[in-house]
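J.: Before I ask anything, let me first share the structure, which is written out below as structure tokens.
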Amino acid sequence: MTAAEGPTPRPGILDVAPYVGGESKAAGVNRVIRLASNENPLGPSPKAVAAYAAEQDDLHRYPDGGARALREAIAESEGLDAARITCGAGSDELIALLVRAYAGPGDEVLYSEHGFLMYGISARTAGATVVAAPEVALTADVDALLARVTERTRLLFLANPNNPTGSYISEAALTRLHQGLPPGVLLVVDAAYAEYVAAADYPQPARLVEQADNVVMLRTFSKIHGLAALRLGWAYAPPAVVDVLNRVRGPFNVSQAAQAAGIAAVGDAAYVARSRAHNDEWRGWFARAATAAGVEPLPSVGNFVLLRFPGGQSQAEQVLAALKRRGVLVRGVAAYGLANCLRVTVGTEEEMRVTAEALQEALSETGA
């Protein structure tokens, strides 16, 4: 049998560009500083590590398919209703499940032009049409999003805060966005970086979830909780959407070890506060260092800083390569339509100082 005679995927699948994560290795250097994937530089809570290790004797047992203890721990920590929570293998899985359940060929999935890449990837793999609305100052624009809603729109994804720009929309703007949507459009607020935001006008989408039938909030353990390796996320949704997610997800989609670590992580408020304080300090410090070096750091409320280079795409690419030669890995964001920018995750104090120095050297090499 030739390759041409083998199984053929559905139309459009081979047109999907696979998601490429941040780099983690650099050849020829003794030490690598990984600032490309928005990971918590402090790692997970020691309590989460201990809870994870305690599961080693029960690896032959299936996990609780409903993640009841984890859902109850999240609900207690966040002041939410456990019955409205569904857990997944990272929020990536929940994004894919929502698209699979609510959109398909002939339908449209809407998001802002610099939104998380997985929205478009999930939509295309489901056969749906992707619609991207332009932003204003690298921030989601409510009017532009609403103007692109049609009778075929099934889901609207809003990353708030947004990755990779670090911007967010306010409570008033989110309310206006929801009020402008038809009831048949599902508004999915991806709040993966919510724990880092201190702004007084930052929305609380959980309240909107409880008031409406067409709003979902997504959260993750991969960022401030430092559990990216375990692939753990959760959705807060209306009962009907929870019912749908539980029908389409795998029966044991979250491992027992991940559930145990998650329970311990949400219970360690002091560690979350420490991680947030560290991020506040060094995000601001690095933004000032980048400004002094001649690069524009864009305002960010996440655990990263987006740098815009005066020399455009060419300079951004040169700096990316120069940093890598020095063992400093940051994220190129051309796939997001931001070829003149690089995204730098907030690392440890030492990592940020080394990165600032390497950035200055790299800029000197490019003639900036």
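Lettering and numbering for the structure tokens are positional, with chains as A, B, ... in the shown order, residues counted from 1 in each chain, and ligands counted from 1 in the shown order.
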Please extract the residues of range 134-353 of chain A with a backbone DSSP assignment of helix (DSSP H, G or I) and present them as a PyMOL selection string.

T.: chain A and resi 142-147+171-179+194-196+205-211+228-230+239-248+256-266+269-293+312-325+334-336+349-353

J.: As number ranges by chain, please: every residue in range 63-281 of chain A that a backbone DSSP assignment puts in strand (DSSP E).

T.: A: 85-88, 108-112, 129-133, 153-159, 186-190, 215-220, 233-236

J.: Would you output that residue set with N, CA and C atoms, as an mmCIF file, in the first residue's frame?

T.:
data_model
loop_
_atom_site.group_PDB
_atom_site.id
_atom_site.type_symbol
_atom_site.label_atom_id
_atom_site.label_comp_id
_atom_site.auth_asym_id
_atom_site.auth_seq_id
_atom_site.Cartn_x
_atom_site.Cartn_y
_atom_site.Cartn_z
ATOM 1 N N ILE A 85 -17.924 23.140 38.350
ATOM 2 C CA ILE A 85 -16.516 22.997 37.963
ATOM 3 C C ILE A 85 -16.296 21.681 37.230
ATOM 4 N N THR A 86 -15.561 21.750 36.138
ATOM 5 C CA THR A 86 -15.094 20.563 35.420
ATOM 6 C C THR A 86 -13.589 20.677 35.282
ATOM 7 N N CYS A 87 -12.875 19.601 35.559
ATOM 8 C CA CYS A 87 -11.414 19.622 35.478
ATOM 9 C C CYS A 87 -10.945 18.972 34.182
ATOM 10 N N GLY A 88 -9.791 19.420 33.722
ATOM 11 C CA GLY A 88 -9.255 18.892 32.474
ATOM 12 C C GLY A 88 -7.747 18.760 32.520
ATOM 13 N N GLU A 108 -18.569 29.399 13.185
ATOM 14 C CA GLU A 108 -17.445 30.322 13.357
ATOM 15 C C GLU A 108 -17.025 30.387 14.822
ATOM 16 N N VAL A 109 -15.714 30.484 15.029
ATOM 17 C CA VAL A 109 -15.128 30.681 16.357
ATOM 18 C C VAL A 109 -14.378 32.005 16.314
ATOM 19 N N LEU A 110 -14.734 32.901 17.215
ATOM 20 C CA LEU A 110 -14.243 34.278 17.193
ATOM 21 C C LEU A 110 -13.283 34.531 18.355
ATOM 22 N N TYR A 111 -12.234 35.290 18.088
ATOM 23 C CA TYR A 111 -11.331 35.748 19.149
ATOM 24 C C TYR A 111 -10.573 36.970 18.649
ATOM 25 N N SER A 112 -9.799 37.627 19.515
ATOM 26 C CA SER A 112 -9.050 38.814 19.115
ATOM 27 C C SER A 112 -7.769 38.406 18.397
ATOM 28 N N THR A 129 -14.730 27.670 11.193
ATOM 29 C CA THR A 129 -14.050 28.803 10.577
ATOM 30 C C THR A 129 -13.551 29.752 11.659
ATOM 31 N N VAL A 130 -12.303 30.174 11.550
ATOM 32 C CA VAL A 130 -11.700 31.083 12.524
ATOM 33 C C VAL A 130 -11.939 32.525 12.085
ATOM 34 N N VAL A 131 -12.366 33.356 13.030
ATOM 35 C CA VAL A 131 -12.556 34.781 12.770
ATOM 36 C C VAL A 131 -11.775 35.551 13.832
ATOM 37 N N ALA A 132 -10.832 36.404 13.400
ATOM 38 C CA ALA A 132 -10.015 37.183 14.327
ATOM 39 C C ALA A 132 -10.383 38.657 14.217
ATOM 40 N N ALA A 133 -10.694 39.273 15.342
ATOM 41 C CA ALA A 133 -11.068 40.687 15.362
ATOM 42 C C ALA A 133 -9.846 41.548 15.683
ATOM 43 N N THR A 153 -21.687 32.403 14.377
ATOM 44 C CA THR A 153 -20.764 32.430 15.513
ATOM 45 C C THR A 153 -21.282 31.517 16.624
ATOM 46 N N ARG A 154 -20.427 30.617 17.076
ATOM 47 C CA ARG A 154 -20.812 29.692 18.134
ATOM 48 C C ARG A 154 -20.054 29.942 19.437
ATOM 49 N N LEU A 155 -18.766 30.326 19.339
ATOM 50 C CA LEU A 155 -17.969 30.599 20.533
ATOM 51 C C LEU A 155 -17.153 31.867 20.325
ATOM 52 N N LEU A 156 -16.956 32.611 21.414
ATOM 53 C CA LEU A 156 -16.051 33.751 21.424
ATOM 54 C C LEU A 156 -15.060 33.527 22.561
ATOM 55 N N PHE A 157 -13.791 33.375 22.208
ATOM 56 C CA PHE A 157 -12.745 33.184 23.216
ATOM 57 C C PHE A 157 -12.096 34.521 23.534
ATOM 58 N N LEU A 158 -12.018 34.822 24.813
ATOM 59 C CA LEU A 158 -11.353 36.046 25.266
ATOM 60 C C LEU A 158 -10.314 35.676 26.318
ATOM 61 N N ALA A 159 -9.047 35.826 25.966
ATOM 62 C CA ALA A 159 -7.983 35.620 26.954
ATOM 63 C C ALA A 159 -7.851 36.904 27.761
ATOM 64 N N LEU A 186 -21.429 31.219 22.955
ATOM 65 C CA LEU A 186 -20.784 30.907 24.227
ATOM 66 C C LEU A 186 -19.545 31.784 24.394
ATOM 67 N N LEU A 187 -19.533 32.614 25.424
ATOM 68 C CA LEU A 187 -18.391 33.470 25.742
ATOM 69 C C LEU A 187 -17.476 32.711 26.696
ATOM 70 N N VAL A 188 -16.248 32.440 26.240
ATOM 71 C CA VAL A 188 -15.283 31.692 27.036
ATOM 72 C C VAL A 188 -14.182 32.653 27.479
ATOM 73 N N VAL A 189 -14.134 32.939 28.769
ATOM 74 C CA VAL A 189 -13.130 33.859 29.325
ATOM 75 C C VAL A 189 -11.983 33.029 29.864
ATOM 76 N N ASP A 190 -10.865 33.086 29.175
ATOM 77 C CA ASP A 190 -9.683 32.317 29.550
ATOM 78 C C ASP A 190 -8.848 33.166 30.509
ATOM 79 N N VAL A 215 -21.717 31.729 29.516
ATOM 80 C CA VAL A 215 -20.379 32.191 29.883
ATOM 81 C C VAL A 215 -19.634 31.067 30.580
ATOM 82 N N VAL A 216 -18.374 30.871 30.192
ATOM 83 C CA VAL A 216 -17.492 29.885 30.812
ATOM 84 C C VAL A 216 -16.198 30.593 31.208
ATOM 85 N N MET A 217 -15.690 30.280 32.379
ATOM 86 C CA MET A 217 -14.376 30.764 32.794
ATOM 87 C C MET A 217 -13.399 29.600 32.817
ATOM 88 N N LEU A 218 -12.223 29.783 32.224
ATOM 89 C CA LEU A 218 -11.168 28.779 32.257
ATOM 90 C C LEU A 218 -10.036 29.241 33.158
ATOM 91 N N ARG A 219 -9.482 28.305 33.912
ATOM 92 C CA ARG A 219 -8.326 28.593 34.771
ATOM 93 C C ARG A 219 -7.334 27.437 34.656
ATOM 94 N N THR A 220 -6.120 27.671 35.150
ATOM 95 C CA THR A 220 -5.079 26.656 35.012
ATOM 96 C C THR A 220 -4.205 26.575 36.251
ATOM 97 N N GLY A 233 -6.134 21.805 34.566
ATOM 98 C CA GLY A 233 -6.897 23.041 34.436
ATOM 99 C C GLY A 233 -8.339 22.807 34.843
ATOM 100 N N TRP A 234 -9.127 23.873 34.872
ATOM 101 C CA TRP A 234 -10.526 23.707 35.237
ATOM 102 C C TRP A 234 -11.391 24.773 34.587
ATOM 103 N N ALA A 235 -12.648 24.417 34.426
ATOM 104 C CA ALA A 235 -13.643 25.330 33.868
ATOM 105 C C ALA A 235 -14.731 25.566 34.902
ATOM 106 N N TYR A 236 -15.206 26.813 34.953
ATOM 107 C CA TYR A 236 -16.367 27.160 35.771
ATOM 108 C C TYR A 236 -17.459 27.555 34.792
#

J.: Would you mind telling me which residue in A:Ala67, A:Leu181, A:Ala316, A:Val301 lies nearest to Ala82 in chain A when using only C-alpha atoms?

T.: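 Closest candidate: A:Ala67.
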
J.: Pick the closest to Ala261 in chain A from A:Gln179, A:Asn160, A:Ser45, A:Thr345: which is it, counting only C-alpha atoms?

T.: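 Of all the options, A:Ser45 lies closest to Ala261 in chain A.
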
J.: Using only C-alpha atoms, which residue out of A:Cys341, A:Ile224, A:Ala137, A:Ile13 lies closest to Ala270 in chain A?

T.: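 Among the listed residues, A:Ile224 lies closest to Ala270 in chain A.
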
J.: Check the smallest atom-to-atom distance from each of A:Ile121, A:Ala290, A:Leu138, A:Ala128 to Leu307 in chain A using only C-alpha atoms, then report the winner.

T.: A:Ala290

J.: Any idea what's packed within 10 Å of Glu281 in chain A, counting only C-alpha atoms, ignoring anything in its chain fewer than 4 positions away? Could you give it as an MDAnalysis selection string?

T.: chainID A and resid 276:277 285:286 346 349

J.: For the residues selected in the previous step, produce a file with C-alpha atoms as a PDB file, in the first residue's frame.

T.:
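Result went into out_19.pdb, see below:
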ATOM      1  CA  ARG A 276       2.629  36.971  43.048  1.00  0.00           C
ATOM      2  CA  ALA A 277       4.880  39.300  45.037  1.00  0.00           C
ATOM      3  CA  TRP A 285      12.336  45.659  37.373  1.00  0.00           C
ATOM      4  CA  PHE A 286      12.847  43.984  34.010  1.00  0.00           C
ATOM      5  CA  VAL A 346       9.566  36.610  34.645  1.00  0.00           C
ATOM      6  CA  GLU A 349      16.100  37.419  40.465  1.00  0.00           C
TER       7      GLU A 349
END

J.: Of the candidates A:Ala258, A:Ala83, A:Val295, A:Ala264, which one gets nearest to Arg71 in chain A if we count only C-alpha atoms?

T.: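 Closest to Arg71 in chain A of all the choices is A:Ala83.
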
J.: Would you kindly return, as a list in words, each protein, DNA or RNA residue with an atom no farther than 12 Å from any atom of Gln211 in chain A, considering only C-alpha atoms and excluding same-chain residues fewer than 4 positions away?

T.: Thr175, His178, Gln179, Gln204, Pro205, Ala206, Arg207, Val215, Val216, Ala237, Pro238 and Pro239 of chain A

J.: For Asn303 in chain A, list every protein, DNA or RNA residue within 9 Å, evaluated using only C-alpha atoms, and leave out those in the same chain fewer than 6 positions away; present the list as a PyMOL selection string.

T.: chain A and resi 38-40+166+193+196+223-224+276+279-280+283+344-347

J.: Output the selection as a JSON list (two decimals), in the first residue's frame - N, CA, C and O atoms for each residue.

T.:
[["chain", "number", "residue", "atom", "x", "y", "z"],
["A", 38, "ASN", "N", 6.33, 30.99, 30.20],
["A", 38, "ASN", "CA", 5.51, 31.57, 31.27],
["A", 38, "ASN", "C", 5.32, 30.62, 32.46],
["A", 38, "ASN", "O", 4.23, 30.51, 33.02],
["A", 39, "GLU", "N", 6.40, 29.94, 32.82],
["A", 39, "GLU", "CA", 6.38, 29.04, 33.98],
["A", 39, "GLU", "C", 6.69, 29.81, 35.26],
["A", 39, "GLU", "O", 7.33, 30.87, 35.22],
["A", 40, "ASN", "N", 6.24, 29.30, 36.39],
["A", 40, "ASN", "CA", 6.54, 29.92, 37.68],
["A", 40, "ASN", "C", 8.00, 29.64, 38.02],
["A", 40, "ASN", "O", 8.37, 28.48, 38.22],
["A", 166, "GLY", "N", -0.15, 40.58, 27.35],
["A", 166, "GLY", "CA", -0.19, 41.01, 28.75],
["A", 166, "GLY", "C", -1.27, 42.01, 29.07],
["A", 166, "GLY", "O", -1.37, 42.49, 30.19],
["A", 193, "TYR", "N", -4.07, 33.70, 33.69],
["A", 193, "TYR", "CA", -3.12, 34.52, 34.44],
["A", 193, "TYR", "C", -3.81, 35.38, 35.50],
["A", 193, "TYR", "O", -3.23, 36.34, 36.01],
["A", 196, "TYR", "N", -2.28, 36.75, 38.87],
["A", 196, "TYR", "CA", -1.22, 37.76, 38.86],
["A", 196, "TYR", "C", -1.76, 39.18, 38.83],
["A", 196, "TYR", "O", -1.00, 40.13, 39.00],
["A", 223, "LYS", "N", 0.43, 28.03, 35.67],
["A", 223, "LYS", "CA", 1.09, 29.33, 35.81],
["A", 223, "LYS", "C", 1.49, 29.59, 37.25],
["A", 223, "LYS", "O", 2.51, 29.14, 37.70],
["A", 224, "ILE", "N", 0.67, 30.28, 38.01],
["A", 224, "ILE", "CA", 1.11, 30.68, 39.35],
["A", 224, "ILE", "C", 1.30, 29.47, 40.27],
["A", 224, "ILE", "O", 2.12, 29.49, 41.18],
["A", 276, "ARG", "N", 3.16, 35.73, 43.61],
["A", 276, "ARG", "CA", 2.63, 36.97, 43.05],
["A", 276, "ARG", "C", 3.54, 38.15, 43.40],
["A", 276, "ARG", "O", 3.84, 39.00, 42.53],
["A", 279, "ASN", "N", 6.63, 38.09, 41.27],
["A", 279, "ASN", "CA", 6.33, 38.49, 39.90],
["A", 279, "ASN", "C", 6.17, 40.01, 39.79],
["A", 279, "ASN", "O", 6.69, 40.63, 38.86],
["A", 280, "ASP", "N", 5.46, 40.59, 40.73],
["A", 280, "ASP", "CA", 5.25, 42.05, 40.71],
["A", 280, "ASP", "C", 6.59, 42.78, 40.73],
["A", 280, "ASP", "O", 6.80, 43.74, 39.98],
["A", 283, "ARG", "N", 8.87, 41.73, 37.36],
["A", 283, "ARG", "CA", 8.28, 42.19, 36.10],
["A", 283, "ARG", "C", 8.55, 43.68, 35.93],
["A", 283, "ARG", "O", 8.97, 44.14, 34.86],
["A", 344, "VAL", "N", 9.16, 37.73, 27.20],
["A", 344, "VAL", "CA", 10.11, 37.28, 28.22],
["A", 344, "VAL", "C", 9.35, 36.96, 29.50],
["A", 344, "VAL", "O", 8.71, 37.83, 30.09],
["A", 345, "THR", "N", 9.42, 35.71, 29.91],
["A", 345, "THR", "CA", 8.79, 35.30, 31.17],
["A", 345, "THR", "C", 9.58, 35.85, 32.35],
["A", 345, "THR", "O", 10.81, 35.95, 32.29],
["A", 346, "VAL", "N", 8.90, 36.18, 33.42],
["A", 346, "VAL", "CA", 9.57, 36.61, 34.64],
["A", 346, "VAL", "C", 10.21, 35.39, 35.31],
["A", 346, "VAL", "O", 9.52, 34.41, 35.62],
["A", 347, "GLY", "N", 11.52, 35.44, 35.51],
["A", 347, "GLY", "CA", 12.25, 34.35, 36.13],
["A", 347, "GLY", "C", 12.65, 34.69, 37.55],
["A", 347, "GLY", "O", 12.07, 35.58, 38.19]]

J.: How many Å separate CA of Arg124 in chain A from CA of Gly302 in chain A?

T.: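 If I compute the distance from CA of Arg124 in chain A to CA of Gly302 in chain A, I get 27.4 Å.
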